[in-house]
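J.: Sharing a structure below in structure tokens format, with a few things to ask.
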Amino acid sequence: MKLQKNTVDLLPKLKSMALADRAVFEKGMKAFVSYVQAYAKHECNLIFRLKDLDFASLAQGFALLRMPKMPELRGKQFPDFVPVDINTDTIPFKDKIREKQRQKLLKQQREEKTENDKRRKFIKNKAWSKQKAKKEKKKKMNEKRKREEGSDIEDEDMEELLSDTRLLKKLKKGKITEEEFEKSLLTTGKRTIMTADLGISDLEDDS
């Protein structure tokens, strides 16, 4: 075919129609996807080679407002294609019934997304709370164990001190000899003899 002269550029008009009516926008997207997939799935891939397609020019030819999301375009860049600077999800159907159905579906999807986000957040917080509770429990158990161990040591020391104090009181009152005092200290595990005055002469006799 010879190139036609004085051709009318219909692309701006088609884009305006797509912006005004979601039905036109979706038809362009579906046509583009079908065209690309026809190449991708054709048995004669030696002739219909997907890699030779000019996706940017093809998208412009279908008056697309943006590139569709599809496996054949994943990871590709299209510097020659400039998408419109609007959120295409806001483009309404001219048909009021279809638009009402679409809005209902969008509302349902938003509610489901919100519910899923809450569920994921709840599960995440529950897992975090469970982990935190586990750490707190472990911390309390460690603190309890340390307190019990510390308490045992203190009780032993206190018992030993009280025993030595009783022996020293008996020695001061002449109830036992120094030899008996030293022997008693050795039997309780003491290796040194208490000779300092502990100031316990006024304590009551525990014997």
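In the structure tokens, each chain is lettered A, B, ... as it comes, each chain's residues begin at 1, and ligands are numbered from 1 in order of appearance.
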Just the residues within 12 Å of Asn87 in chain A, please, counting only C-alpha atoms, with nothing from its chain fewer than 4 positions along; format it as a PyMOL selection string.

T.: chain A and resi 19+65-66+83+91-92

J.: Return as a VMD selection string the full set of residues in range 78-135 of chain A whose backbone-based DSSP assignment is alpha helix (DSSP H).

T.: chain A and resid 96 to 135

J.: Mind giving me the straight-line distance from CA of Leu64 in chain A to CA of Lys15 in chain A in Å, one decimal?

T.: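 Atom-to-atom, CA of Leu64 in chain A to CA of Lys15 in chain A, that is 7.1 Å.
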
J.: Need the shell around Gln77 in chain A: protein/DNA/RNA residues with any atom at most 12 Å away, counting only C-alpha atoms. Skip same-chain ones fewer than 5 positions apart. Format as a list of chain:residue names?

T.: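 These residues fall inside the cut-off: A:Asp54, A:Phe55, A:Ala56, A:Met67, A:Glu72, A:Val82.
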
J.: Would you save the residues of that selection, restricted to all heavy atoms, as a PDB file, in the first residue's frame?

T.:
```
ATOM      1  N   ASP A  54       7.449  -3.577  18.239  1.00  0.00           N
ATOM      2  CA  ASP A  54       7.695  -2.244  18.791  1.00  0.00           C
ATOM      3  C   ASP A  54       6.527  -1.937  19.731  1.00  0.00           C
ATOM      4  O   ASP A  54       5.502  -1.396  19.329  1.00  0.00           O
ATOM      5  CB  ASP A  54       7.779  -1.211  17.665  1.00  0.00           C
ATOM      6  CG  ASP A  54       8.162   0.164  18.174  1.00  0.00           C
ATOM      7  OD1 ASP A  54       8.150   0.367  19.412  1.00  0.00           O
ATOM      8  OD2 ASP A  54       8.451   1.049  17.341  1.00  0.00           O
ATOM      9  N   PHE A  55       6.699  -2.288  21.009  1.00  0.00           N
ATOM     10  CA  PHE A  55       5.598  -2.178  21.969  1.00  0.00           C
ATOM     11  C   PHE A  55       5.137  -0.734  22.160  1.00  0.00           C
ATOM     12  O   PHE A  55       3.939  -0.475  22.321  1.00  0.00           O
ATOM     13  CB  PHE A  55       6.018  -2.781  23.317  1.00  0.00           C
ATOM     14  CG  PHE A  55       6.245  -4.258  23.281  1.00  0.00           C
ATOM     15  CD1 PHE A  55       7.529  -4.766  23.289  1.00  0.00           C
ATOM     16  CD2 PHE A  55       5.189  -5.140  23.234  1.00  0.00           C
ATOM     17  CE1 PHE A  55       7.750  -6.130  23.253  1.00  0.00           C
ATOM     18  CE2 PHE A  55       5.392  -6.513  23.190  1.00  0.00           C
ATOM     19  CZ  PHE A  55       6.686  -7.002  23.203  1.00  0.00           C
ATOM     20  N   ALA A  56       6.079   0.208  22.165  1.00  0.00           N
ATOM     21  CA  ALA A  56       5.715   1.609  22.378  1.00  0.00           C
ATOM     22  C   ALA A  56       4.828   2.117  21.240  1.00  0.00           C
ATOM     23  O   ALA A  56       3.775   2.732  21.476  1.00  0.00           O
ATOM     24  CB  ALA A  56       6.973   2.458  22.508  1.00  0.00           C
ATOM     25  N   MET A  67       0.638   1.449  29.920  1.00  0.00           N
ATOM     26  CA  MET A  67       0.956   0.075  29.532  1.00  0.00           C
ATOM     27  C   MET A  67       0.250  -0.894  30.479  1.00  0.00           C
ATOM     28  O   MET A  67       0.242  -0.688  31.696  1.00  0.00           O
ATOM     29  CB  MET A  67       2.466  -0.169  29.596  1.00  0.00           C
ATOM     30  CG  MET A  67       3.249   0.410  28.432  1.00  0.00           C
ATOM     31  SD  MET A  67       2.884  -0.502  26.895  1.00  0.00           S
ATOM     32  CE  MET A  67       4.159   0.171  25.831  1.00  0.00           C
ATOM     33  N   GLU A  72       4.490 -10.613  29.248  1.00  0.00           N
ATOM     34  CA  GLU A  72       5.335 -10.326  28.073  1.00  0.00           C
ATOM     35  C   GLU A  72       6.066  -8.990  28.193  1.00  0.00           C
ATOM     36  O   GLU A  72       7.070  -8.768  27.504  1.00  0.00           O
ATOM     37  CB  GLU A  72       4.479 -10.331  26.808  1.00  0.00           C
ATOM     38  CG  GLU A  72       3.967 -11.703  26.398  1.00  0.00           C
ATOM     39  CD  GLU A  72       2.749 -12.134  27.185  1.00  0.00           C
ATOM     40  OE1 GLU A  72       2.241 -11.328  27.996  1.00  0.00           O
ATOM     41  OE2 GLU A  72       2.292 -13.275  27.002  1.00  0.00           O
ATOM     42  N   VAL A  82       4.700   7.595  26.533  1.00  0.00           N
ATOM     43  CA  VAL A  82       4.464   8.471  27.682  1.00  0.00           C
ATOM     44  C   VAL A  82       3.048   8.229  28.201  1.00  0.00           C
ATOM     45  O   VAL A  82       2.070   8.582  27.529  1.00  0.00           O
ATOM     46  CB  VAL A  82       4.635   9.960  27.301  1.00  0.00           C
ATOM     47  CG1 VAL A  82       4.407  10.836  28.526  1.00  0.00           C
ATOM     48  CG2 VAL A  82       6.025  10.188  26.720  1.00  0.00           C
TER      49      VAL A  82
END
```

J.: Between CA of Asp80 in chain A and CA of Ala20 in chain A, what is the distance in Å, rounded to a tenth?

T.: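 So the two atoms, CA of Asp80 in chain A and CA of Ala20 in chain A, lie 24.2 Å apart.
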
J.: When you draw a straight line from CA of Phe48 in chain A to CA of Arg74 in chain A, how long is it in Å?

T.: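 Computing the Euclidean distance for CA of Phe48 in chain A and CA of Arg74 in chain A yields 19.3 Å.
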
J.: So that I can check the surroundings of Asp9 in chain A, please list as a list in words every protein, DNA and RNA residue that reaches within 12 Å of it, counting only C-alpha atoms and ignoring chain neighbours fewer than 4 positions away.

T.: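 Surrounding residues, per the criterion: Lys5, Lys13, Leu14, Lys15, Gln60, Gly61 and Ala63 of chain A.
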
J.: Write the residues of the selection above to a file with all heavy atoms, as a compact mmCIF listing (two decimals), in the first residue's frame.

T.:
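Generated file (out-v2.txt):
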```txt
# COMPACT_ATOMS: atom_id res chain seq x y z
N LYS A 5 -1.81 10.39 1.91
CA LYS A 5 -1.53 11.78 2.23
C LYS A 5 -2.75 12.40 2.91
O LYS A 5 -3.87 11.93 2.74
CB LYS A 5 -1.17 12.56 0.99
CG LYS A 5 0.10 12.07 0.29
CD LYS A 5 0.39 12.89 -0.95
CE LYS A 5 1.65 12.41 -1.66
NZ LYS A 5 1.95 13.19 -2.89
N LYS A 13 -8.08 12.07 19.64
CA LYS A 13 -9.52 11.90 19.84
C LYS A 13 -9.81 10.57 20.54
O LYS A 13 -10.66 10.49 21.45
CB LYS A 13 -10.25 11.95 18.50
CG LYS A 13 -11.76 11.90 18.63
CD LYS A 13 -12.43 12.05 17.29
CE LYS A 13 -13.96 12.03 17.45
NZ LYS A 13 -14.65 12.18 16.14
N LEU A 14 -9.09 9.51 20.15
CA LEU A 14 -9.27 8.22 20.80
C LEU A 14 -8.87 8.26 22.27
O LEU A 14 -9.53 7.67 23.13
CB LEU A 14 -8.46 7.14 20.07
CG LEU A 14 -8.97 6.68 18.71
CD1 LEU A 14 -7.98 5.72 18.06
CD2 LEU A 14 -10.34 6.02 18.87
N LYS A 15 -7.80 8.97 22.57
CA LYS A 15 -7.37 9.10 23.96
C LYS A 15 -8.41 9.88 24.78
O LYS A 15 -8.69 9.53 25.93
CB LYS A 15 -6.01 9.80 24.04
CG LYS A 15 -4.84 8.90 23.69
CD LYS A 15 -3.51 9.58 24.01
CE LYS A 15 -2.35 8.64 23.76
NZ LYS A 15 -1.05 9.26 24.11
N GLN A 60 0.82 3.16 21.33
CA GLN A 60 0.34 4.45 20.81
C GLN A 60 -0.74 4.24 19.76
O GLN A 60 -1.72 4.97 19.69
CB GLN A 60 1.51 5.26 20.24
CG GLN A 60 2.51 5.72 21.30
CD GLN A 60 3.75 6.35 20.68
OE1 GLN A 60 3.86 6.45 19.45
NE2 GLN A 60 4.69 6.75 21.51
N GLY A 61 -0.55 3.20 18.94
CA GLY A 61 -1.53 2.91 17.90
C GLY A 61 -2.88 2.51 18.46
O GLY A 61 -3.93 2.79 17.85
N ALA A 63 -3.96 3.74 21.19
CA ALA A 63 -4.33 4.91 22.00
C ALA A 63 -4.40 4.56 23.48
O ALA A 63 -5.30 5.02 24.21
CB ALA A 63 -5.68 5.47 21.52
```
